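Participant: My structure file entry16.cif, mmCIF, N, CA and C atoms, is below:
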data_upload
loop_
_atom_site.label_atom_id
_atom_site.label_comp_id
_atom_site.auth_asym_id
_atom_site.auth_seq_id
_atom_site.Cartn_x
_atom_site.Cartn_y
_atom_site.Cartn_z
N MET A 739 -2.33 3.11 6.90
CA MET A 739 -1.02 2.93 7.48
C MET A 739 -0.42 1.64 6.93
N TYR A 740 0.90 1.64 6.88
CA TYR A 740 1.61 0.48 6.36
C TYR A 740 2.69 0.07 7.36
N TRP A 741 2.88 -1.24 7.49
CA TRP A 741 3.88 -1.80 8.37
C TRP A 741 5.02 -2.32 7.52
N HIS A 742 6.23 -1.91 7.86
CA HIS A 742 7.42 -2.34 7.13
C HIS A 742 8.13 -3.40 7.97
N ALA A 743 8.44 -4.52 7.34
CA ALA A 743 9.06 -5.62 8.05
C ALA A 743 10.18 -6.21 7.21
N GLU A 744 11.14 -6.79 7.90
CA GLU A 744 12.27 -7.42 7.22
C GLU A 744 12.13 -8.93 7.33
N LYS A 745 12.24 -9.59 6.18
CA LYS A 745 12.18 -11.04 6.15
C LYS A 745 13.53 -11.60 6.60
N GLN A 746 13.59 -12.90 6.80
CA GLN A 746 14.82 -13.53 7.24
C GLN A 746 15.95 -13.39 6.22
N ASN A 747 15.61 -13.26 4.95
CA ASN A 747 16.63 -13.11 3.91
C ASN A 747 17.06 -11.65 3.72
N GLY A 748 16.54 -10.73 4.52
CA GLY A 748 16.92 -9.33 4.45
C GLY A 748 16.02 -8.46 3.60
N GLU A 749 15.09 -9.08 2.89
CA GLU A 749 14.17 -8.32 2.04
C GLU A 749 13.16 -7.57 2.90
N VAL A 750 12.93 -6.31 2.57
CA VAL A 750 11.96 -5.49 3.29
C VAL A 750 10.64 -5.56 2.54
N ILE A 751 9.57 -5.88 3.27
CA ILE A 751 8.24 -5.95 2.68
C ILE A 751 7.31 -4.97 3.38
N VAL A 752 6.23 -4.61 2.70
CA VAL A 752 5.25 -3.68 3.23
C VAL A 752 3.94 -4.43 3.42
N LEU A 753 3.34 -4.28 4.60
CA LEU A 753 2.11 -4.99 4.94
C LEU A 753 1.00 -3.99 5.26
N THR A 754 -0.23 -4.37 4.95
CA THR A 754 -1.38 -3.59 5.38
C THR A 754 -1.65 -3.92 6.85
N GLU A 755 -2.60 -3.22 7.44
CA GLU A 755 -2.88 -3.42 8.86
C GLU A 755 -3.37 -4.83 9.15
N SER A 756 -4.28 -5.34 8.32
CA SER A 756 -4.79 -6.70 8.57
C SER A 756 -3.71 -7.74 8.35
N GLU A 757 -2.82 -7.53 7.38
CA GLU A 757 -1.71 -8.46 7.17
C GLU A 757 -0.74 -8.42 8.35
N ALA A 758 -0.44 -7.22 8.83
CA ALA A 758 0.49 -7.08 9.95
C ALA A 758 -0.08 -7.71 11.21
N LEU A 759 -1.38 -7.59 11.41
CA LEU A 759 -2.02 -8.15 12.59
C LEU A 759 -1.77 -9.66 12.69
N ILE A 760 -1.81 -10.34 11.56
CA ILE A 760 -1.56 -11.78 11.54
C ILE A 760 -0.17 -12.09 12.09
N HIS A 761 0.81 -11.25 11.77
CA HIS A 761 2.19 -11.51 12.19
C HIS A 761 2.46 -11.06 13.62
N PHE A 762 1.58 -10.27 14.20
CA PHE A 762 1.75 -9.85 15.59
C PHE A 762 1.22 -10.90 16.57
N GLU A 763 0.48 -11.86 16.07
CA GLU A 763 -0.11 -12.88 16.92
C GLU A 763 0.66 -14.18 16.79
N LYS A 764 0.49 -15.04 17.76
CA LYS A 764 1.16 -16.34 17.71
C LYS A 764 0.32 -17.29 16.87
N ASN A 765 0.82 -17.58 15.69
CA ASN A 765 0.15 -18.51 14.78
C ASN A 765 1.20 -19.11 13.86
N ASN A 766 0.78 -20.03 13.01
CA ASN A 766 1.72 -20.70 12.12
C ASN A 766 2.41 -19.74 11.16
N ILE A 767 1.68 -18.78 10.68
CA ILE A 767 2.25 -17.84 9.71
C ILE A 767 3.36 -17.02 10.35
N SER A 768 3.09 -16.45 11.52
CA SER A 768 4.09 -15.62 12.17
C SER A 768 5.30 -16.44 12.61
N GLN A 769 5.09 -17.68 13.03
CA GLN A 769 6.21 -18.53 13.43
C GLN A 769 7.05 -18.95 12.23
N ARG A 770 6.40 -19.18 11.11
CA ARG A 770 7.12 -19.61 9.91
C ARG A 770 7.92 -18.46 9.30
N MET A 771 7.32 -17.28 9.23
CA MET A 771 7.98 -16.16 8.54
C MET A 771 8.96 -15.41 9.44
N ARG A 772 8.66 -15.31 10.73
CA ARG A 772 9.51 -14.62 11.70
C ARG A 772 10.00 -13.26 11.19
N LEU A 773 9.04 -12.39 10.93
CA LEU A 773 9.37 -11.05 10.44
C LEU A 773 9.91 -10.18 11.56
N ARG A 774 10.80 -9.28 11.20
CA ARG A 774 11.31 -8.28 12.14
C ARG A 774 10.72 -6.94 11.69
N PHE A 775 9.81 -6.41 12.50
CA PHE A 775 9.12 -5.17 12.13
C PHE A 775 10.05 -3.98 12.33
N LEU A 776 10.09 -3.11 11.32
CA LEU A 776 10.96 -1.95 11.33
C LEU A 776 10.22 -0.68 11.75
N GLY A 777 8.93 -0.61 11.42
CA GLY A 777 8.16 0.58 11.78
C GLY A 777 6.88 0.68 10.99
N THR A 778 6.16 1.76 11.26
CA THR A 778 4.86 2.00 10.64
C THR A 778 4.89 3.36 9.94
N SER A 779 4.40 3.40 8.71
CA SER A 779 4.36 4.66 7.98
C SER A 779 2.92 5.02 7.62
N SER A 780 2.72 6.27 7.26
CA SER A 780 1.38 6.77 6.97
C SER A 780 0.91 6.46 5.55
N GLY A 781 1.83 6.26 4.62
CA GLY A 781 1.46 6.00 3.24
C GLY A 781 1.34 7.26 2.39
N LYS A 782 1.63 8.43 2.98
CA LYS A 782 1.50 9.70 2.24
C LYS A 782 2.45 9.78 1.05
N ALA A 783 3.65 9.26 1.21
CA ALA A 783 4.63 9.31 0.11
C ALA A 783 4.16 8.45 -1.06
N GLN A 784 3.52 7.32 -0.78
CA GLN A 784 3.01 6.47 -1.85
C GLN A 784 1.86 7.16 -2.59
N VAL A 785 1.01 7.84 -1.84
CA VAL A 785 -0.11 8.57 -2.46
C VAL A 785 0.43 9.66 -3.38
N GLU A 786 1.44 10.39 -2.90
CA GLU A 786 2.05 11.44 -3.72
C GLU A 786 2.72 10.84 -4.95
N ALA A 787 3.34 9.68 -4.82
CA ALA A 787 3.97 9.03 -5.96
C ALA A 787 2.93 8.64 -7.00
N ARG A 788 1.79 8.11 -6.54
CA ARG A 788 0.72 7.77 -7.49
C ARG A 788 0.22 9.00 -8.24
N LYS A 789 0.12 10.12 -7.53
CA LYS A 789 -0.31 11.37 -8.18
C LYS A 789 0.72 11.82 -9.21
N LYS A 790 2.01 11.73 -8.87
CA LYS A 790 3.06 12.12 -9.82
C LYS A 790 3.03 11.24 -11.06
N ILE A 791 2.85 9.94 -10.86
CA ILE A 791 2.78 9.02 -11.99
C ILE A 791 1.57 9.33 -12.85
N GLY A 792 0.44 9.61 -12.22
CA GLY A 792 -0.77 9.99 -12.96
C GLY A 792 -0.56 11.24 -13.79
N LYS A 793 0.11 12.24 -13.20
CA LYS A 793 0.38 13.48 -13.95
C LYS A 793 1.36 13.21 -15.10
N LEU A 794 2.33 12.34 -14.86
CA LEU A 794 3.28 11.99 -15.91
C LEU A 794 2.57 11.33 -17.08
N ILE A 795 1.69 10.40 -16.78
CA ILE A 795 0.94 9.72 -17.84
C ILE A 795 0.02 10.70 -18.55
N ASP A 796 -0.63 11.57 -17.78
CA ASP A 796 -1.51 12.60 -18.37
C ASP A 796 -0.76 13.49 -19.35
N SER A 797 0.47 13.83 -19.01
CA SER A 797 1.24 14.76 -19.85
C SER A 797 1.61 14.16 -21.20
N PHE A 798 1.62 12.84 -21.31
CA PHE A 798 1.99 12.19 -22.58
C PHE A 798 0.79 11.67 -23.36
N ARG A 799 -0.41 11.87 -22.85
CA ARG A 799 -1.60 11.42 -23.57
C ARG A 799 -1.86 12.29 -24.79
N PRO A 800 -2.37 11.69 -25.85
CA PRO A 800 -2.69 12.49 -27.04
C PRO A 800 -3.90 13.40 -26.78
N SER A 801 -4.05 14.41 -27.60
CA SER A 801 -5.13 15.38 -27.40
C SER A 801 -6.52 14.77 -27.60
N ASP A 802 -6.63 13.72 -28.40
CA ASP A 802 -7.93 13.09 -28.64
C ASP A 802 -8.19 11.89 -27.71
N TYR A 803 -7.49 11.84 -26.60
CA TYR A 803 -7.57 10.72 -25.66
C TYR A 803 -9.00 10.51 -25.15
N ALA A 804 -9.67 11.57 -24.78
CA ALA A 804 -11.01 11.48 -24.19
C ALA A 804 -12.05 10.95 -25.18
N GLN A 805 -11.79 11.06 -26.44
CA GLN A 805 -12.74 10.61 -27.46
C GLN A 805 -12.64 9.12 -27.73
N ASN A 806 -11.58 8.49 -27.23
CA ASN A 806 -11.38 7.06 -27.45
C ASN A 806 -12.25 6.24 -26.51
N LYS A 807 -12.48 4.99 -26.90
CA LYS A 807 -13.21 4.06 -26.04
C LYS A 807 -12.32 3.66 -24.86
N LYS A 808 -12.94 3.11 -23.83
CA LYS A 808 -12.23 2.74 -22.61
C LYS A 808 -11.08 1.77 -22.91
N GLU A 809 -11.31 0.80 -23.76
CA GLU A 809 -10.28 -0.19 -24.09
C GLU A 809 -9.10 0.49 -24.77
N GLU A 810 -9.38 1.42 -25.67
CA GLU A 810 -8.32 2.15 -26.36
C GLU A 810 -7.54 3.04 -25.38
N GLN A 811 -8.25 3.64 -24.43
CA GLN A 811 -7.59 4.45 -23.41
C GLN A 811 -6.64 3.59 -22.57
N ASN A 812 -7.08 2.38 -22.25
CA ASN A 812 -6.23 1.48 -21.47
C ASN A 812 -4.97 1.11 -22.23
N VAL A 813 -5.10 0.89 -23.53
CA VAL A 813 -3.93 0.57 -24.37
C VAL A 813 -2.98 1.76 -24.42
N ILE A 814 -3.52 2.96 -24.57
CA ILE A 814 -2.69 4.17 -24.60
C ILE A 814 -1.94 4.33 -23.28
N ASN A 815 -2.68 4.19 -22.16
CA ASN A 815 -2.04 4.32 -20.85
C ASN A 815 -0.95 3.28 -20.66
N SER A 816 -1.21 2.06 -21.07
CA SER A 816 -0.23 0.98 -20.94
C SER A 816 1.03 1.26 -21.75
N SER A 817 0.84 1.74 -22.96
CA SER A 817 2.01 2.03 -23.80
C SER A 817 2.81 3.20 -23.24
N ILE A 818 2.13 4.19 -22.67
CA ILE A 818 2.84 5.31 -22.03
C ILE A 818 3.65 4.80 -20.85
N ARG A 819 3.04 3.92 -20.02
CA ARG A 819 3.76 3.35 -18.88
C ARG A 819 4.99 2.56 -19.35
N ASP A 820 4.82 1.80 -20.42
CA ASP A 820 5.93 1.01 -20.95
C ASP A 820 7.07 1.90 -21.45
N GLU A 821 6.72 2.99 -22.11
CA GLU A 821 7.73 3.91 -22.64
C GLU A 821 8.48 4.65 -21.54
N HIS A 822 7.82 4.88 -20.41
CA HIS A 822 8.41 5.69 -19.33
C HIS A 822 8.63 4.87 -18.06
N THR A 823 8.95 3.61 -18.24
CA THR A 823 9.15 2.70 -17.11
C THR A 823 10.26 3.20 -16.18
N ASP A 824 11.35 3.69 -16.74
CA ASP A 824 12.47 4.14 -15.92
C ASP A 824 12.09 5.32 -15.02
N GLU A 825 11.35 6.27 -15.58
CA GLU A 825 10.92 7.44 -14.80
C GLU A 825 9.96 7.01 -13.69
N ILE A 826 9.05 6.13 -14.02
CA ILE A 826 8.07 5.64 -13.04
C ILE A 826 8.79 4.86 -11.93
N LYS A 827 9.76 4.07 -12.31
CA LYS A 827 10.52 3.28 -11.33
C LYS A 827 11.25 4.19 -10.35
N VAL A 828 11.82 5.28 -10.83
CA VAL A 828 12.52 6.24 -9.95
C VAL A 828 11.54 6.85 -8.96
N ILE A 829 10.35 7.22 -9.43
CA ILE A 829 9.34 7.82 -8.55
C ILE A 829 8.93 6.83 -7.46
N ILE A 830 8.70 5.58 -7.85
CA ILE A 830 8.28 4.55 -6.88
C ILE A 830 9.38 4.25 -5.87
N GLU A 831 10.61 4.14 -6.35
CA GLU A 831 11.74 3.86 -5.43
C GLU A 831 11.92 4.99 -4.42
N GLU A 832 11.78 6.22 -4.86
CA GLU A 832 11.91 7.36 -3.96
C GLU A 832 10.80 7.35 -2.90
N ALA A 833 9.58 7.07 -3.33
CA ALA A 833 8.46 7.00 -2.37
C ALA A 833 8.67 5.86 -1.38
N THR A 834 9.16 4.73 -1.84
CA THR A 834 9.42 3.59 -0.96
C THR A 834 10.50 3.95 0.06
N ARG A 835 11.54 4.63 -0.39
CA ARG A 835 12.62 5.04 0.52
C ARG A 835 12.08 6.00 1.58
N LEU A 836 11.27 6.97 1.17
CA LEU A 836 10.69 7.93 2.11
C LEU A 836 9.78 7.24 3.12
N GLU A 837 8.98 6.29 2.64
CA GLU A 837 8.08 5.54 3.53
C GLU A 837 8.88 4.75 4.57
N LEU A 838 9.96 4.12 4.14
CA LEU A 838 10.78 3.34 5.06
C LEU A 838 11.44 4.23 6.10
N GLU A 839 11.94 5.39 5.66
CA GLU A 839 12.53 6.34 6.62
C GLU A 839 11.50 6.79 7.65
N GLU A 840 10.29 7.10 7.18
CA GLU A 840 9.22 7.51 8.09
C GLU A 840 8.89 6.39 9.07
N ALA A 841 8.83 5.17 8.55
CA ALA A 841 8.49 4.02 9.39
C ALA A 841 9.52 3.82 10.49
N LYS A 842 10.78 3.92 10.13
CA LYS A 842 11.85 3.75 11.13
C LYS A 842 11.79 4.85 12.18
N ALA A 843 11.45 6.06 11.76
CA ALA A 843 11.35 7.18 12.70
C ALA A 843 10.14 7.03 13.62
N ASN A 844 9.03 6.51 13.08
CA ASN A 844 7.80 6.36 13.87
C ASN A 844 7.87 5.20 14.85
N GLY A 845 8.61 4.17 14.51
CA GLY A 845 8.61 2.96 15.32
C GLY A 845 7.43 2.08 14.94
N VAL A 846 7.30 0.99 15.66
CA VAL A 846 6.26 0.02 15.33
C VAL A 846 5.02 0.30 16.17
N ILE A 847 3.89 0.42 15.49
CA ILE A 847 2.60 0.61 16.15
C ILE A 847 1.83 -0.70 16.00
N ARG A 848 1.26 -1.17 17.09
CA ARG A 848 0.52 -2.43 17.04
C ARG A 848 -0.78 -2.24 16.24
N PRO A 849 -1.07 -3.15 15.31
CA PRO A 849 -2.32 -3.07 14.54
C PRO A 849 -3.55 -3.24 15.43
N ASP A 850 -4.66 -2.73 14.98
CA ASP A 850 -5.92 -2.80 15.72
C ASP A 850 -6.45 -4.23 15.71
N ALA A 851 -6.56 -4.84 16.88
CA ALA A 851 -7.01 -6.23 16.99
C ALA A 851 -8.47 -6.41 16.61
N SER A 852 -9.24 -5.33 16.58
CA SER A 852 -10.66 -5.46 16.25
C SER A 852 -10.87 -5.80 14.77
N LEU A 853 -9.82 -5.81 13.99
CA LEU A 853 -9.95 -6.17 12.58
C LEU A 853 -10.37 -7.63 12.41
N HIS A 854 -10.22 -8.42 13.45
CA HIS A 854 -10.62 -9.82 13.38
C HIS A 854 -12.14 -9.99 13.35
N TYR A 855 -12.88 -9.00 13.83
CA TYR A 855 -14.32 -9.10 13.89
C TYR A 855 -14.91 -8.73 12.54
N HIS A 856 -15.50 -9.69 11.87
CA HIS A 856 -16.08 -9.45 10.56
C HIS A 856 -17.59 -9.37 10.66
N THR A 857 -18.15 -8.40 9.99
CA THR A 857 -19.60 -8.25 9.95
C THR A 857 -20.03 -8.13 8.50
N PRO A 858 -21.27 -8.53 8.20
CA PRO A 858 -21.72 -8.50 6.81
C PRO A 858 -21.99 -7.11 6.27
N ASP A 859 -22.12 -6.12 7.14
CA ASP A 859 -22.45 -4.77 6.70
C ASP A 859 -21.21 -4.10 6.10
N ALA A 860 -21.27 -3.73 4.84
CA ALA A 860 -20.12 -3.15 4.14
C ALA A 860 -19.80 -1.74 4.63
N SER A 861 -20.76 -1.05 5.20
CA SER A 861 -20.53 0.33 5.63
C SER A 861 -19.69 0.42 6.88
N GLY A 862 -19.60 -0.66 7.66
CA GLY A 862 -18.83 -0.63 8.88
C GLY A 862 -19.65 -0.22 10.10
N LEU A 863 -20.89 0.21 9.89
CA LEU A 863 -21.72 0.65 11.01
C LEU A 863 -22.06 -0.51 11.94
N ALA A 864 -22.40 -1.66 11.36
CA ALA A 864 -22.73 -2.82 12.19
C ALA A 864 -21.51 -3.27 12.98
N ARG A 865 -20.34 -3.18 12.36
CA ARG A 865 -19.11 -3.57 13.05
C ARG A 865 -18.87 -2.67 14.27
N LYS A 866 -19.02 -1.36 14.08
CA LYS A 866 -18.82 -0.43 15.19
C LYS A 866 -19.83 -0.70 16.30
N LYS A 867 -21.07 -1.01 15.92
CA LYS A 867 -22.10 -1.28 16.91
C LYS A 867 -21.73 -2.52 17.72
N ILE A 868 -21.29 -3.56 17.04
CA ILE A 868 -20.91 -4.79 17.74
C ILE A 868 -19.71 -4.54 18.66
N LEU A 869 -18.72 -3.82 18.17
CA LEU A 869 -17.54 -3.54 18.99
C LEU A 869 -17.86 -2.67 20.20
N ASN A 870 -18.77 -1.72 20.02
CA ASN A 870 -19.16 -0.88 21.15
C ASN A 870 -19.94 -1.65 22.20
N GLU A 871 -20.67 -2.67 21.78
CA GLU A 871 -21.44 -3.47 22.73
C GLU A 871 -20.56 -4.45 23.50
N MET A 872 -19.39 -4.71 23.00
CA MET A 872 -18.51 -5.71 23.65
C MET A 872 -17.92 -5.17 24.94
#
What does this structure look like when you write it as structure tokens?

Facilitator:
Amino acid sequence: MYWHAEKQNGEVIVLTESEALIHFEKNNISQRMRLRFLGTSSGKAQVEARKKIGKLIDSFRPSDYAQNKKEEQNVINSSIRDEHTDEIKVIIEEATRLELEEAKANGVIRPDASLHYHTPDASGLARKKILNEM
């Protein structure tokens, strides 16, 4: 999920859940930035945009692409992105617009406060165990 907020200068920014949580609490960051939250979106439009961009890049790759080394593949992908910047920009702008519309329709959902509890276990199992015991 993504939180959409408006800065004091009118710029709309997108925050992750842990970033949004910081601004929902009383602290120096939230007092300094004074964001106005517009809503929460699911991020589905951004995922679809990434898929479209991936397909666009795939369609312009040469036939011998898979035979190249990883570094050469990265150069090819970069040059394709550079050549089709305008098309990619349109896809991203459309996804951003859809996400913002969804966020405004959904309203603002408060981030999960349990994100503050950090545990060394990368799987998240230890975190769930600690939270359940609380």

Participant: Which residue out of A:Ala833, A:Asp802, A:Lys808, A:Glu755 has the minimum interatomic distance to Lys789 (chain A) when only C-alpha atoms are used?

Facilitator: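 Smallest separation from Lys789 (chain A) among the options: A:Ala833.
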
Participant: What box, with edges along x, y and z, holds each listed atom of region 811-814 of chain A when 3 Å is added on every side, and can you state its centre and edge lengths in Å to one decimal, as JSON?

Facilitator:
{"center_x": -5.1, "center_y": 2.5, "center_z": -23.0, "size_x": 12.3, "size_y": 9.9, "size_z": 9.1}

Participant: Apply the PyMOL selection byres (((chain A and resi 795 and name CA) around 12) and name CA) to the file shown and report the selected residues as a VMD selection string.

Facilitator: chain A and resid 788 to 794 796 to 800 803 811 to 812 814 to 823 825 to 826

Participant: Of the candidates A:Ala787, A:Val813, A:Leu773, A:Ala743, which shows the shortest atom-to-atom distance to Val828 (chain A), using only C-alpha atoms?

Facilitator: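 Closest residue, counting only C-alpha atoms: A:Ala787.
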
Participant: Looking at only N, CA and C atoms, which of A:Lys764, A:Lys842, A:Lys807, A:Arg835 is the one that sits closest to Gly777 (chain A)?

Facilitator: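 For Gly777 (chain A), the nearest of the given residues is A:Lys842.
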
Participant: Measure the distance from atom N of Arg774 (chain A) to CA of Ile751 (chain A) in Å and round it to one decimal.

Facilitator: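 One can read the atom N of Arg774 (chain A) to CA of Ile751 (chain A) distance as 9.5 Å.
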
Participant: Please determine, counting only N, CA and C atoms, which residue among A:Glu809, A:Glu749, A:Trp741, A:Leu759 has the shortest atom-to-atom distance to Val846 (chain A).

Facilitator: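 Looking only at the distances to Val846 (chain A), the closest residue turns out to be A:Trp741.
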
Participant: Please identify which residues in chain A DSSP calls helix (DSSP H, G or I) from the backbone, and express them as a PyMOL selection string.

Facilitator: chain A and resi 755-762+766-771+782-798+803-805+808-821+823-844+851-854+863-871

Participant: What residues in chain A get the DSSP label strand (DSSP E or B)? Please answer as a list in words.

Facilitator: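 Filtering chain A down to strand (DSSP E or B) leaves Tyr740, Trp741, His742, Ala743, Glu744, Val750, Ile751, Val752, Leu753, Arg774, Phe775, Leu776, Gly777, Thr778 and Ser779 of chain A.
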
Participant: How many Å separate atom N of Ala804 (chain A) from atom N of Asp824 (chain A)?

Facilitator: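 Those two atoms sit 23.8 Å apart.
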
Participant: Got a sec to resolve the PyMOL selection byres (((chain A and resi 850 and name CA) around 10) and name CA) on this structure and send the residues as an mmCIF file with N, CA and C atoms, in the frame of the given file?

Facilitator:
data_model
loop_
_atom_site.group_PDB
_atom_site.id
_atom_site.type_symbol
_atom_site.label_atom_id
_atom_site.label_comp_id
_atom_site.auth_asym_id
_atom_site.auth_seq_id
_atom_site.Cartn_x
_atom_site.Cartn_y
_atom_site.Cartn_z
ATOM 1 N N GLU A 755 -2.600 -3.220 7.440
ATOM 2 C CA GLU A 755 -2.880 -3.420 8.860
ATOM 3 C C GLU A 755 -3.370 -4.830 9.150
ATOM 4 N N SER A 756 -4.280 -5.340 8.320
ATOM 5 C CA SER A 756 -4.790 -6.700 8.570
ATOM 6 C C SER A 756 -3.710 -7.740 8.350
ATOM 7 N N ALA A 758 -0.440 -7.220 8.830
ATOM 8 C CA ALA A 758 0.490 -7.080 9.950
ATOM 9 C C ALA A 758 -0.080 -7.710 11.210
ATOM 10 N N LEU A 759 -1.380 -7.590 11.410
ATOM 11 C CA LEU A 759 -2.020 -8.150 12.590
ATOM 12 C C LEU A 759 -1.770 -9.660 12.690
ATOM 13 N N ILE A 847 3.890 0.420 15.490
ATOM 14 C CA ILE A 847 2.600 0.610 16.150
ATOM 15 C C ILE A 847 1.830 -0.700 16.000
ATOM 16 N N ARG A 848 1.260 -1.170 17.090
ATOM 17 C CA ARG A 848 0.520 -2.430 17.040
ATOM 18 C C ARG A 848 -0.780 -2.240 16.240
ATOM 19 N N PRO A 849 -1.070 -3.150 15.310
ATOM 20 C CA PRO A 849 -2.320 -3.070 14.540
ATOM 21 C C PRO A 849 -3.550 -3.240 15.430
ATOM 22 N N ALA A 851 -6.560 -4.840 16.880
ATOM 23 C CA ALA A 851 -7.010 -6.230 16.990
ATOM 24 C C ALA A 851 -8.470 -6.410 16.610
ATOM 25 N N SER A 852 -9.240 -5.330 16.580
ATOM 26 C CA SER A 852 -10.660 -5.460 16.250
ATOM 27 C C SER A 852 -10.870 -5.800 14.770
ATOM 28 N N LEU A 853 -9.820 -5.810 13.990
ATOM 29 C CA LEU A 853 -9.950 -6.170 12.580
ATOM 30 C C LEU A 853 -10.370 -7.630 12.410
ATOM 31 N N HIS A 854 -10.220 -8.420 13.450
ATOM 32 C CA HIS A 854 -10.620 -9.820 13.380
ATOM 33 C C HIS A 854 -12.140 -9.990 13.350
#

Participant: Take CA of Leu838 (chain A) and CA of Ile760 (chain A) and report the distance between them in Å, one decimal.

Facilitator: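 Between these atoms lies a distance of 20.6 Å.
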
Participant: Which is closer to His742 (chain A) than all the others in A:Glu831, A:Glu837, A:Glu763, A:Glu810, using only C-alpha atoms?

Facilitator: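 Selected residue with least distance to His742 (chain A): A:Glu837.
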
Participant: On this structure, which residues satisfy the PyMOL selection byres ((chain A and resi 780) around 7), written as a ChimeraX atom specification?

Facilitator: /A:739-740,778-779,781-784,837,840-841

Participant: Atoms to include: N, CA and C atoms. Write the selected residues as a CSV table (one decimal), keeping the file's coordinate frame.

Facilitator:
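Saved result, selection20.csv, follows:
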chain,number,residue,atom,x,y,z
A,739,MET,N,-2.3,3.1,6.9
A,739,MET,CA,-1.0,2.9,7.5
A,739,MET,C,-0.4,1.6,6.9
A,740,TYR,N,0.9,1.6,6.9
A,740,TYR,CA,1.6,0.5,6.4
A,740,TYR,C,2.7,0.1,7.4
A,778,THR,N,6.2,1.8,11.3
A,778,THR,CA,4.9,2.0,10.6
A,778,THR,C,4.9,3.4,9.9
A,779,SER,N,4.4,3.4,8.7
A,779,SER,CA,4.4,4.7,8.0
A,779,SER,C,2.9,5.0,7.6
A,781,GLY,N,1.8,6.3,4.6
A,781,GLY,CA,1.5,6.0,3.2
A,781,GLY,C,1.3,7.3,2.4
A,782,LYS,N,1.6,8.4,3.0
A,782,LYS,CA,1.5,9.7,2.2
A,782,LYS,C,2.4,9.8,1.0
A,783,ALA,N,3.6,9.3,1.2
A,783,ALA,CA,4.6,9.3,0.1
A,783,ALA,C,4.2,8.4,-1.1
A,784,GLN,N,3.5,7.3,-0.8
A,784,GLN,CA,3.0,6.5,-1.8
A,784,GLN,C,1.9,7.2,-2.6
A,837,GLU,N,9.0,6.3,2.6
A,837,GLU,CA,8.1,5.5,3.5
A,837,GLU,C,8.9,4.8,4.6
A,840,GLU,N,10.3,7.1,7.2
A,840,GLU,CA,9.2,7.5,8.1
A,840,GLU,C,8.9,6.4,9.1
A,841,ALA,N,8.8,5.2,8.6
A,841,ALA,CA,8.5,4.0,9.4
A,841,ALA,C,9.5,3.8,10.5
